$ cat entry-v5.cif   # mmCIF, C-alpha atoms
data_model
#
loop_
_atom_site.label_atom_id
_atom_site.label_comp_id
_atom_site.auth_asym_id
_atom_site.auth_seq_id
_atom_site.Cartn_x
_atom_site.Cartn_y
_atom_site.Cartn_z
CA MET K 1 0.00 0.00 0.00
CA ILE K 2 1.34 3.43 -0.94
CA PHE K 3 0.62 6.41 1.27
CA SER K 4 1.20 9.28 -1.09
CA GLY K 5 -1.72 11.62 -0.42
CA THR K 6 -2.60 14.17 2.22
CA ALA K 7 -5.92 15.09 3.72
CA MET K 8 -7.63 17.17 6.36
CA ALA K 9 -10.81 16.54 8.31
CA LYS K 10 -13.70 18.81 9.26
CA ARG K 11 -16.09 18.52 12.18
CA GLY K 12 -19.19 20.51 13.07
CA ALA K 13 -20.00 21.71 16.59
CA MET K 14 -23.42 22.27 18.13
CA VAL K 15 -24.06 25.77 19.48
CA ASN K 16 -27.49 26.40 21.01
CA GLY K 17 -28.89 23.39 19.19
CA VAL K 18 -27.68 24.52 15.78
CA ARG K 19 -24.75 22.97 13.95
CA GLY K 20 -23.41 25.19 11.19
CA ALA K 21 -20.74 24.53 8.61
CA ALA K 22 -18.01 22.13 9.71
CA SER K 23 -14.58 23.58 10.40
CA ILE K 24 -11.08 22.14 10.07
CA HIS K 25 -10.45 19.66 12.88
CA VAL K 26 -7.35 17.67 11.83
CA THR K 27 -4.69 18.61 9.27
CA ASP K 28 -1.70 17.00 7.56
CA MET K 29 -2.96 13.44 7.53
CA VAL K 30 -1.11 11.02 5.28
CA ILE K 31 -3.45 8.80 3.32
CA SER K 32 -3.56 6.12 0.66
CA ALA K 33 -5.45 6.64 -2.58
CA LEU K 34 -9.25 6.88 -2.50
CA ASP K 35 -10.41 3.60 -4.03
CA PRO K 36 -13.94 2.35 -4.73
CA VAL K 37 -15.36 -0.13 -2.22
CA THR K 38 -17.55 -1.60 -4.94
CA PRO K 39 -18.04 -0.66 -8.59
CA GLU K 40 -21.69 0.23 -8.08
CA ILE K 41 -23.29 3.59 -7.53
CA ALA K 42 -26.24 3.57 -5.15
CA ALA K 43 -28.79 6.16 -4.11
CA ARG K 44 -28.02 7.84 -0.80
CA VAL K 45 -30.65 6.76 1.69
CA SER K 46 -31.47 10.21 2.98
CA THR K 47 -31.63 12.39 -0.11
CA LYS K 48 -31.57 9.80 -2.92
CA ALA K 49 -28.48 11.44 -4.39
CA PRO K 50 -26.35 9.02 -6.44
CA THR K 51 -23.40 8.06 -4.28
CA GLU K 52 -20.29 5.93 -4.65
CA LEU K 53 -18.55 4.50 -1.59
CA LEU K 54 -14.79 4.97 -1.47
CA GLN K 55 -12.25 3.61 0.98
CA VAL K 56 -8.99 5.07 2.17
CA TYR K 57 -6.37 4.28 4.80
CA VAL K 58 -4.95 6.98 7.09
CA GLU K 59 -1.59 6.67 8.83
CA GLY K 60 -1.70 6.72 12.62
CA SER K 61 -4.76 7.30 14.77
CA PRO K 62 -5.96 10.87 14.22
CA ASP K 63 -9.13 11.93 16.02
CA LEU K 64 -11.68 10.97 13.36
CA ARG K 65 -15.15 9.48 13.68
CA GLU K 66 -18.28 8.82 11.68
CA GLY K 67 -20.00 12.05 10.66
CA ASP K 68 -16.75 13.99 10.15
CA MET K 69 -15.77 15.19 6.69
CA LEU K 70 -12.58 14.00 5.02
CA VAL K 71 -11.16 16.77 2.83
CA VAL K 72 -9.00 15.70 -0.10
CA ASN K 73 -8.03 18.16 -2.83
CA ASP K 74 -10.57 20.70 -1.51
CA ARG K 75 -13.41 18.21 -1.79
CA ASP K 76 -15.51 17.04 1.19
CA TYR K 77 -16.28 13.36 1.68
CA PRO K 78 -18.65 12.45 4.55
CA ILE K 79 -17.10 9.65 6.64
CA ARG K 80 -19.58 6.80 6.85
CA SER K 81 -17.40 4.42 8.86
CA CYS K 82 -14.11 4.67 10.68
CA ALA K 83 -12.27 1.58 11.96
CA GLU K 84 -8.86 1.02 13.50
CA TRP K 85 -6.67 -1.28 11.49
CA ASP K 86 -3.37 -2.79 12.58
CA TRP K 87 -0.89 -3.84 9.95
CA ARG K 88 2.74 -4.90 10.41
CA GLY K 89 2.93 -3.36 13.85
CA SER K 90 1.54 -0.01 12.81
CA ARG K 91 -1.87 1.54 13.43
CA PHE K 92 -4.01 2.90 10.58
CA LEU K 93 -7.58 4.04 10.23
CA HIS K 94 -9.73 2.47 7.55
CA LEU K 95 -12.34 4.93 6.33
CA VAL K 96 -15.35 4.36 4.13
CA VAL K 97 -16.46 7.71 2.71
CA GLU K 98 -19.28 8.89 0.47
CA ASP K 99 -18.56 10.39 -2.93
CA ILE K 100 -21.83 12.16 -3.65
CA LYS K 101 -22.32 12.64 -7.39
CA ALA K 102 -23.79 16.10 -7.15
CA PRO K 103 -22.36 19.61 -7.00
CA GLN K 104 -21.27 20.51 -3.47
CA MET P 105 -53.28 31.95 -14.61
CA THR P 106 -52.74 28.98 -12.30
CA PRO P 107 -49.39 29.23 -10.54
CA SER P 108 -47.01 26.41 -11.33
CA ARG P 109 -45.89 23.78 -8.86
CA ASP P 110 -42.38 25.20 -8.72
CA GLU P 111 -43.64 28.75 -8.13
CA VAL P 112 -45.69 27.53 -5.18
CA ARG P 113 -42.85 25.40 -3.83
CA ILE P 114 -40.37 28.28 -3.97
CA GLU P 115 -42.77 30.66 -2.23
CA PHE P 116 -43.68 28.00 0.34
CA GLY P 117 -39.97 27.41 1.00
CA LYS P 118 -39.25 31.12 1.30
CA GLN P 119 -42.06 31.78 3.77
CA LEU P 120 -41.23 28.68 5.81
CA ARG P 121 -37.55 29.65 5.93
CA LEU P 122 -38.38 33.15 7.18
CA ALA P 123 -40.70 31.74 9.85
CA LEU P 124 -38.24 29.12 11.12
CA GLU P 125 -35.30 31.52 11.10
CA ALA P 126 -37.37 34.04 13.06
CA SER P 127 -38.17 31.33 15.61
CA GLY P 128 -34.44 30.77 16.27
CA LEU P 129 -34.79 27.05 15.68
CA VAL P 130 -32.55 27.18 12.60
CA SER P 131 -29.76 29.43 11.43
CA SER P 132 -29.80 31.77 8.46
CA ASP P 133 -26.00 31.64 8.07
CA PRO P 134 -25.35 29.04 6.89
CA GLN P 135 -28.80 28.56 5.42
CA GLN P 136 -30.59 25.53 6.89
CA VAL P 137 -34.03 25.70 5.25
CA PHE P 138 -34.19 24.93 1.54
CA ASP P 139 -37.00 24.96 -1.03
CA HIS P 140 -35.51 21.84 -2.63
CA LEU P 141 -33.88 18.57 -1.65
CA VAL P 142 -30.15 19.13 -1.04
CA ALA P 143 -27.99 16.18 -2.08
CA ASP P 144 -25.38 16.77 0.60
CA PHE P 145 -26.09 19.04 3.53
CA GLY P 146 -22.72 18.32 5.11
CA ALA P 147 -22.63 18.54 8.87
CA LEU P 148 -25.56 20.94 9.22
CA SER P 149 -28.29 20.42 11.79
CA PRO P 150 -31.19 21.02 11.81
CA VAL P 151 -32.01 20.96 8.10
CA VAL P 152 -35.46 21.51 6.56
CA MET P 153 -36.04 20.78 2.87
CA LEU P 154 -39.02 20.70 0.52
CA ALA P 155 -39.49 17.94 -2.03
CA PRO P 156 -42.22 17.61 -4.67
CA GLY P 157 -44.80 14.97 -3.80
CA GLY P 158 -46.95 14.99 -6.94
CA THR P 159 -49.93 16.82 -8.40
CA ASP P 160 -53.67 16.19 -7.99
CA PRO P 161 -55.66 17.96 -10.73
CA GLN P 162 -59.27 18.80 -9.78
CA PRO P 163 -62.11 20.13 -12.00
CA VAL P 164 -61.78 23.70 -10.75
CA SER P 165 -58.46 23.69 -8.91
CA MET P 166 -55.09 22.03 -8.70
CA GLY P 167 -53.57 20.26 -5.70
CA TYR P 168 -49.80 20.42 -5.37
CA LEU P 169 -48.30 17.92 -2.96
CA TYR P 170 -45.02 18.43 -1.11
CA ASP P 171 -43.02 16.60 1.50
CA VAL P 172 -41.32 18.68 4.17
CA HIS P 173 -38.18 16.84 5.30
CA VAL P 174 -36.74 17.73 8.71
CA TYR P 175 -33.35 16.41 9.86
CA VAL P 176 -32.01 16.85 13.39
CA LEU P 177 -28.67 15.45 14.56
CA TYR P 178 -29.33 12.70 17.11
CA ALA P 179 -26.37 13.28 19.43
CA ASP P 180 -22.92 14.85 19.61
CA GLU P 181 -20.78 14.03 22.61
CA ASP P 182 -18.32 16.93 22.16
CA SER P 183 -21.12 19.50 22.20
CA LYS P 184 -23.15 17.77 24.94
CA TRP P 185 -25.95 17.43 22.40
CA THR P 186 -27.99 14.58 23.82
CA PRO P 187 -30.84 12.47 22.41
CA ASP P 188 -33.42 14.20 24.62
CA LYS P 189 -32.30 17.61 23.31
CA SER P 190 -32.48 16.43 19.72
CA GLN P 191 -35.98 15.03 20.24
CA THR P 192 -37.09 18.30 21.82
CA ARG P 193 -35.63 20.25 18.90
CA LEU P 194 -37.44 17.98 16.41
CA ASP P 195 -40.73 18.46 18.31
CA ARG P 196 -40.31 22.23 18.32
CA ILE P 197 -39.54 22.40 14.62
CA TYR P 198 -42.61 20.30 13.86
CA ASN P 199 -44.71 22.57 16.10
CA ALA P 200 -43.35 25.66 14.31
CA ILE P 201 -44.22 24.20 10.90
CA ALA P 202 -47.69 23.10 12.06
CA THR P 203 -48.31 26.54 13.56
CA TRP P 204 -47.22 28.18 10.31
CA LEU P 205 -49.57 25.93 8.32
CA ARG P 206 -52.51 26.80 10.62
CA ASP P 207 -51.84 30.54 10.58
CA PRO P 208 -54.68 32.28 8.68
CA VAL P 209 -52.11 34.60 7.09
CA ASN P 210 -50.42 31.61 5.44
CA LYS P 211 -53.55 29.62 4.65
CA ASN P 212 -54.60 31.96 1.88
CA ARG P 213 -51.62 33.57 0.25
CA LEU P 214 -51.42 35.08 -3.22
CA LEU P 215 -50.23 31.85 -4.84
CA TRP P 216 -52.54 29.37 -3.11
CA LYS P 217 -56.10 29.17 -1.77
CA SER P 218 -55.21 26.83 1.06
CA ILE P 219 -52.30 24.88 2.45
CA LYS P 220 -52.41 22.10 5.03
CA GLN P 221 -50.88 18.89 6.32
CA THR P 222 -52.70 15.99 4.66
CA ALA P 223 -51.62 12.93 6.66
CA PRO P 224 -49.69 12.04 9.80
CA SER P 225 -46.02 12.84 9.61
CA ILE P 226 -43.57 10.00 10.06
CA VAL P 227 -40.35 9.99 12.08
CA ILE P 228 -37.50 7.62 11.36
CA PRO P 229 -33.95 7.37 12.67
CA GLU P 230 -31.52 7.58 9.80
CA ALA P 231 -27.77 7.62 9.17
CA VAL P 232 -26.59 10.50 7.00
CA GLY P 233 -22.91 10.49 6.10
CA GLY P 234 -22.12 8.32 9.10
CA ALA P 235 -24.00 10.48 11.63
CA GLY P 236 -27.34 9.59 13.20
CA TYR P 237 -30.28 11.92 12.54
CA TRP P 238 -33.95 12.09 13.33
CA HIS P 239 -35.79 12.40 10.00
CA GLU P 240 -39.40 13.60 9.96
CA ILE P 241 -41.46 13.77 6.77
CA ILE P 242 -44.55 16.00 6.77
CA PRO P 243 -46.94 15.68 3.78
CA VAL P 244 -48.43 19.02 2.74
CA ARG P 245 -51.00 19.96 0.10
CA ALA P 246 -51.35 23.41 -1.45
CA GLU P 247 -54.57 24.14 -3.34
CA VAL P 248 -54.26 26.66 -6.15
#

$ encode --input "entry-v5.cif" --output "structure tokens"
Amino acid sequence: MIFSGTAMAKRGAMVNGVRGAASIHVTDMVISALDPVTPEIAARVSTKAPTELLQVYVEGSPDLREGDMLVVNDRDYPIRSCAEWDWRGSRFLHLVVEDIKAPQ
Amino acid sequence: MTPSRDEVRIEFGKQLRLALEASGLVSSDPQQVFDHLVADFGALSPVVMLAPGGTDPQPVSMGYLYDVHVYVLYADEDSKWTPDKSQTRLDRIYNAIATWLRDPVNKNRLLWKSIKQTAPSIVIPEAVGGAGYWHEIIPVRAEV
């Protein structure tokens, strides 16, 4: 696996019951390429938008969780799942993110 | 001339947005009430969106059907946003929408003769982009 990319993550915070736009939460993460989980494009459950699931590995254990946004090349990808993954004595995070096929 | 379904939807969305923003239940910046279904609303909460639900032509009028979609984040540990708070916020947003629909000022606007909820709303828990949300769908009919 080649870790040749970089990414940031955004997270939103609730203030008086309202969560506005997410802001930068983690920077300078080293990641693998964004690869498709499956070749199919499905409709997003909530808004029916056509969506492809992508997966990516992140070096280390940055503070990420489901619901955060992974930012790669200025594009936001909602993180659907986030799992710790040990490989050859090192810790990685395995992320499944949504690539929503609609203008952001 | 009979107003079109999109004209009514856009006006409905505009008036609903103004009412909900004035109530303080949603923010105006960033905008959280939309007159259309937004493919990706990011990390926003709450979010209110209008979707077309069909058309019911009558001999002397036209019924335009819409679904009002309300999303409220279920919980957020960092912000101490708990499930009971999210349920309260969902209840209050529904109450604000129902109050708006019952308001005589809104019942008979320039573009429609009447507007009302046509069936019970439904509430479902749903995952959006990995985060849990309450999702309420309110069916509304505007008669023009």

$ residues_around --input "entry-v5.cif" --residues "K:Met69" --least-positions-apart "6" --cutoff "7 Å" --atoms "only C-alpha atoms" --output "PyMOL selection string"
chain K and resi 9-11+76-79

$ interface_residues --input "entry-v5.cif" --of "chain K" --to "chain P" --cutoff "6 Å" --atoms "all atoms listed in the file" --output "list in words"
Gly12, Met14, Val18, Arg19, Gly20, Ala22, Thr47, Ala49, Glu66, Gly67, Pro78, Ile79 and Arg80 of chain K

$ residues_around --input "entry-v5.cif" --residues "K:Ile100" --least-positions-apart "6" --cutoff "7 Å" --atoms "all atoms listed in the file" --output "ChimeraX atom specification"
/K:49-52

$ resolve_selection --input "entry-v5.cif" --expression "the PyMOL selection byres ((chain K and resi 36-40) around 8)" --output "JSON, numbers by chain"
{"K": [34, 35, 41, 42, 52, 53, 54, 55, 96]}

$ atom_distance --input "entry-v5.cif" --atom1 "atom CA of P:Val209" --atom2 "atom CA of P:Trp238"
29.6 Å

$ residues_around --input "entry-v5.cif" --residues "stretch 196-204 of chain P" --least-positions-apart "6" --cutoff "9 Å" --atoms "only C-alpha atoms" --output "JSON, numbers by chain"
{"P": [120, 123, 124, 127, 129, 130, 150, 174, 210, 211, 220, 221, 240, 242]}

$ resolve_selection --input "entry-v5.cif" --expression "the PyMOL selection byres ((chain P and resi 215) around 7)" --output "JSON, numbers by chain"
{"P": [107, 112, 213, 214, 216, 248]}

$ atom_distance --input "entry-v5.cif" --atom1 "atom CA of K:Ser46" --atom2 "atom CA of P:Pro229"
10.4 Å

$ closest_residue --input "entry-v5.cif" --among "P:Leu122, P:Leu154, P:Ala223, P:Leu194" --to "P:Asp110" --atoms "all atoms listed in the file"
P:Leu154

$ atom_distance --input "entry-v5.cif" --atom1 "atom CA of P:Val227" --atom2 "atom CA of P:Tyr170"
16.3 Å

$ closest_residue --input "entry-v5.cif" --among "K:Val15, K:Leu70, K:Met8, K:Val58" --to "K:Asp99" --atoms "only C-alpha atoms"
K:Leu70

$ closest_residue --input "entry-v5.cif" --among "K:Glu98, K:Tyr57, K:Asp74, K:Asp68" --to "K:Ala21" --atoms "only C-alpha atoms"
K:Asp68

$ residues_around --input "entry-v5.cif" --residues "K:Met29" --least-positions-apart "4" --cutoff "12 Å" --atoms "all atoms listed in the file" --output "PyMOL selection string"
chain K and resi 3-9+25+56-64+70-72+92-93

$ residues_around --input "entry-v5.cif" --residues "P:Ser165" --least-positions-apart "4" --cutoff "10 Å" --atoms "only C-alpha atoms" --output "list in words"
Thr106, Asp160, Pro161, Lys217, Glu247 and Val248 of chain P

$ resolve_selection --input "entry-v5.cif" --expression "the PyMOL selection byres ((chain K and resi 83) around 7)" --output "list in words"
Ser81, Cys82, Glu84, Trp85, Leu93, His94 and Leu95 of chain K
